[in-house]
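**Q** Have a look at the structure that comes next, please.
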Amino acid sequence: MATSLLSIDAAADQAPLSAQQQLFNAWVQRIAEQRAWLLAWDEAVQACRTRFARDGVPLRTRYLDLQAALALYLDQQSARKLSKLERQLLENCLLESAQQVADLSDTPAQRAAMEELVRRYAPEEDEEPEDDAAQAAPSAEQAANASDDIDWQDSEAVAQFLEAQEQAAAAQAERARAQHHAKRQQRKAQQAQKAKGPTAAELANQSLREVYRRLASRLHPDREQDPVERARKTALMQRVNIAYEASRLMELLELQWEAEQMDPAKLAQLSDARLAPYNRMLEEQWNDLQRDVQARTQSFAREFGLDTTKRLQPAKLMAQVRERLQQLQAGVDYLRQLLQALEDDPDTLKQWLKHERTWARQRDQ
């Protein structure tokens, strides 16, 4: 169904469109454009996946194999006599290679071997300090249990025990007061909202339900005797249910046209009070589409190893994939040459570690 049918046009003999009518048209146009963008995105992603499955997967497999070989080589060389700095650099490079393979490899044995290296070489994490508040305010149960260890002949110990009990009781009383206050504030807010009447969100949901109910009444297949028409209404009703569950008002309005329940004249006759909830639902649908776009672009970027902070466009996706393939090929060539050089001359290791240190400094600047 063409989305242009949803626009409200001002008749020549009538007043200009109201603010709500103009807003309705604006939301419909933006949603239609975003839908077209998503269709183009899906087509571009499919083409990119086909290309990457053909050219990229073998390259990535080779790249990960070489990274795993480098990690295993560095593990073997860790027994060599190295300076403290060289050993630290070696372990950092080993960890980087092993972690990358462990995260990306599709081969269980390879992934397990790299995870074992990560466990062996990863620095130990410091234990988190206990919460200061938890240390300062013992619970009532802790204070009560402490009585078993009290020397009741020791006046100082008894005084400390009593003080601890008082602190625990005060803390418990303060928590109870805070909970009571929070409940009172919540009740007040609910009462105040109830006095104001339905919220904008509630009005929007009510409008969505009204459209849905009209469609459900019009399209209920059990009321149709003609088999062909029943099949058509069944298919339409399935689309109605999907759109309603996803709160997609624009699709429901389009389905109203398809079900011959609304025409442009009826839409133009809706008052601003009726259009305002519609506009809120369309805005929410637009926001949902924006979140969908963000999720899809970030998922694609992670899948192909691209920068997740950059906004991707359908027309440029294939160029991004070609660039990624070039990077993978360059990585394969570099690792192959490095491993060959390390095998030919073991002293190359120290030179390479020095080079990695220089490169890391430049990267961090």
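By order in the structure tokens, chains are A, B, ...; within a chain, residues start at 1; ligands start at 1, following the order shown.
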What lies within 7 Å of segment 225-242 of chain A using only C-alpha atoms, ignoring chain neighbours under 5 positions off, as number ranges by chain?
**A** A: 216, 219-220, 252
**Q** List the spatial neighbours of Asp288 of chain A as a PyMOL selection string - criterion: any atom at most 12 Å away, only C-alpha atoms, same-chain residues fewer than 3 positions off excluded.
**A** chain A and resi 31+34-35+246-249+281-285+291-295
**Q** Mind giving me the straight-line distance from atom CA of Met114 of chain A to atom CA of His355 of chain A in Å, one decimal?
**A**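 Computing it gives 23.9 Å between the two atoms.
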**Q** Counting only C-alpha atoms, what is within 9 Å of segment 328-336 of chain A, bar same-chain residues fewer than 4 positions away, as a tab-separated table (two decimals) with all heavy atoms, in the first residue's frame?
**A**
chain	number	residue	atom	x	y	z
A	56	GLY	N	35.57	-13.70	2.04
A	56	GLY	CA	36.04	-13.30	3.35
A	56	GLY	C	36.24	-14.43	4.34
A	56	GLY	O	37.20	-14.43	5.11
A	59	LEU	N	39.53	-16.19	4.00
A	59	LEU	CA	40.60	-15.30	4.45
A	59	LEU	C	40.63	-15.19	5.97
A	59	LEU	O	41.70	-15.22	6.58
A	59	LEU	CB	40.40	-13.91	3.84
A	59	LEU	CG	41.11	-13.59	2.53
A	59	LEU	CD1	40.76	-12.18	2.08
A	59	LEU	CD2	42.61	-13.74	2.68
A	60	ARG	N	39.47	-15.04	6.58
A	60	ARG	CA	39.42	-14.92	8.04
A	60	ARG	C	39.90	-16.20	8.70
A	60	ARG	O	40.60	-16.15	9.72
A	60	ARG	CB	38.00	-14.58	8.50
A	60	ARG	CG	37.90	-14.33	10.00
A	60	ARG	CD	36.55	-13.79	10.39
A	60	ARG	NE	35.48	-14.72	10.08
A	60	ARG	CZ	34.18	-14.46	10.28
A	60	ARG	NH1	33.82	-13.28	10.77
A	60	ARG	NH2	33.26	-15.34	9.97
A	62	ARG	N	42.07	-18.31	7.50
A	62	ARG	CA	43.53	-18.33	7.36
A	62	ARG	C	44.18	-17.35	8.32
A	62	ARG	O	45.22	-17.65	8.95
A	62	ARG	CB	43.91	-18.00	5.91
A	62	ARG	CG	45.41	-18.01	5.63
A	62	ARG	CD	46.00	-19.37	5.92
A	62	ARG	NE	47.44	-19.40	5.65
A	62	ARG	CZ	48.30	-20.17	6.30
A	62	ARG	NH1	47.87	-20.97	7.27
A	62	ARG	NH2	49.57	-20.16	5.99
A	63	TYR	N	43.59	-16.18	8.46
A	63	TYR	CA	44.12	-15.16	9.38
A	63	TYR	C	44.12	-15.67	10.82
A	63	TYR	O	45.12	-15.52	11.54
A	63	TYR	CB	43.29	-13.88	9.25
A	63	TYR	CG	43.66	-12.80	10.23
A	63	TYR	CD1	44.76	-11.99	9.99
A	63	TYR	CD2	42.92	-12.59	11.39
A	63	TYR	CE1	45.12	-10.99	10.89
A	63	TYR	CE2	43.26	-11.60	12.28
A	63	TYR	CZ	44.36	-10.80	12.04
A	63	TYR	OH	44.71	-9.82	12.93
A	64	LEU	N	43.03	-16.28	11.26
A	64	LEU	CA	42.96	-16.80	12.63
A	64	LEU	C	43.92	-17.96	12.84
A	64	LEU	O	44.50	-18.11	13.92
A	64	LEU	CB	41.53	-17.22	12.95
A	64	LEU	CG	40.50	-16.08	13.03
A	64	LEU	CD1	39.10	-16.64	13.25
A	64	LEU	CD2	40.86	-15.09	14.12
A	66	LEU	N	46.82	-18.27	11.42
A	66	LEU	CA	48.14	-17.67	11.57
A	66	LEU	C	48.29	-16.98	12.93
A	66	LEU	O	49.35	-17.03	13.56
A	66	LEU	CB	48.39	-16.67	10.44
A	66	LEU	CG	48.55	-17.30	9.04
A	66	LEU	CD1	48.51	-16.22	7.97
A	66	LEU	CD2	49.85	-18.09	8.96
A	67	GLN	N	47.22	-16.34	13.40
A	67	GLN	CA	47.27	-15.72	14.73
A	67	GLN	C	47.46	-16.79	15.80
A	67	GLN	O	48.21	-16.61	16.76
A	67	GLN	CB	45.98	-14.94	15.00
A	67	GLN	CG	45.89	-13.60	14.31
A	67	GLN	CD	46.71	-12.51	14.98
A	67	GLN	OE1	47.65	-12.79	15.73
A	67	GLN	NE2	46.39	-11.26	14.71
A	70	LEU	N	51.02	-17.91	15.75
A	70	LEU	CA	51.88	-16.92	16.40
A	70	LEU	C	51.78	-17.03	17.92
A	70	LEU	O	52.80	-16.97	18.63
A	70	LEU	CB	51.49	-15.51	15.94
A	70	LEU	CG	52.27	-14.36	16.59
A	70	LEU	CD1	53.76	-14.48	16.30
A	70	LEU	CD2	51.73	-13.01	16.11
A	323	GLU	N	36.96	-3.14	1.58
A	323	GLU	CA	38.06	-2.64	2.39
A	323	GLU	C	38.44	-3.63	3.49
A	323	GLU	O	39.62	-3.85	3.78
A	323	GLU	CB	37.67	-1.29	3.01
A	323	GLU	CG	38.77	-0.65	3.84
A	323	GLU	CD	38.35	0.68	4.43
A	323	GLU	OE1	37.28	1.19	4.03
A	323	GLU	OE2	39.09	1.21	5.28
A	324	ARG	N	37.42	-4.27	4.08
A	324	ARG	CA	37.68	-5.26	5.11
A	324	ARG	C	38.41	-6.47	4.53
A	324	ARG	O	39.32	-7.02	5.16
A	324	ARG	CB	36.36	-5.70	5.75
A	324	ARG	CG	36.48	-6.77	6.81
A	324	ARG	CD	37.39	-6.34	7.92
A	324	ARG	NE	37.49	-7.37	8.97
A	324	ARG	CZ	38.53	-7.49	9.79
A	324	ARG	NH1	39.55	-6.67	9.70
A	324	ARG	NH2	38.54	-8.44	10.69
A	340	GLN	N	57.48	-16.78	9.06
A	340	GLN	CA	58.60	-17.31	8.29
A	340	GLN	C	59.92	-16.71	8.78
A	340	GLN	O	60.93	-17.41	8.93
A	340	GLN	CB	58.40	-17.01	6.81
A	340	GLN	CG	59.45	-17.65	5.90
A	340	GLN	CD	59.41	-19.16	5.97
A	340	GLN	OE1	58.37	-19.77	5.79
A	340	GLN	NE2	60.57	-19.78	6.24
A	341	ALA	N	59.89	-15.41	9.04
A	341	ALA	CA	61.11	-14.74	9.52
A	341	ALA	C	61.51	-15.25	10.90
A	341	ALA	O	62.70	-15.45	11.19
A	341	ALA	CB	60.89	-13.23	9.56
**Q** Running DSSP on the backbone, which parts of segment 227-324 of chain A land in alpha helix (DSSP H), as a count of residues only?
**A** 75
**Q** Using only C-alpha atoms, which of the listed residues (A:Leu38, A:Leu90, A:Ala360, A:Val57) sits closest to Thr297 of chain A?
**A** A:Leu38
**Q** Give me the residues within 12 Å of Glu91 of chain A as a VMD selection string, counting only C-alpha atoms and dropping any in the same chain fewer than 5 places off.
**A** chain A and resid 70 to 79 82 84 to 86 96 to 99 117 to 123 353 356
**Q** Determine the nearest neighbour of Asn92 of chain A from the options A:Asp42, A:Ser271, A:Arg357, A:Gly305, counting only C-alpha atoms.
**A** A:Arg357
**Q** Distance atom CA of Ala276 of chain A-atom CA of Trp37 of chain A, one decimal place?
**A**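 Separation between atom CA of Ala276 of chain A and atom CA of Trp37 of chain A: 26.4 Å.
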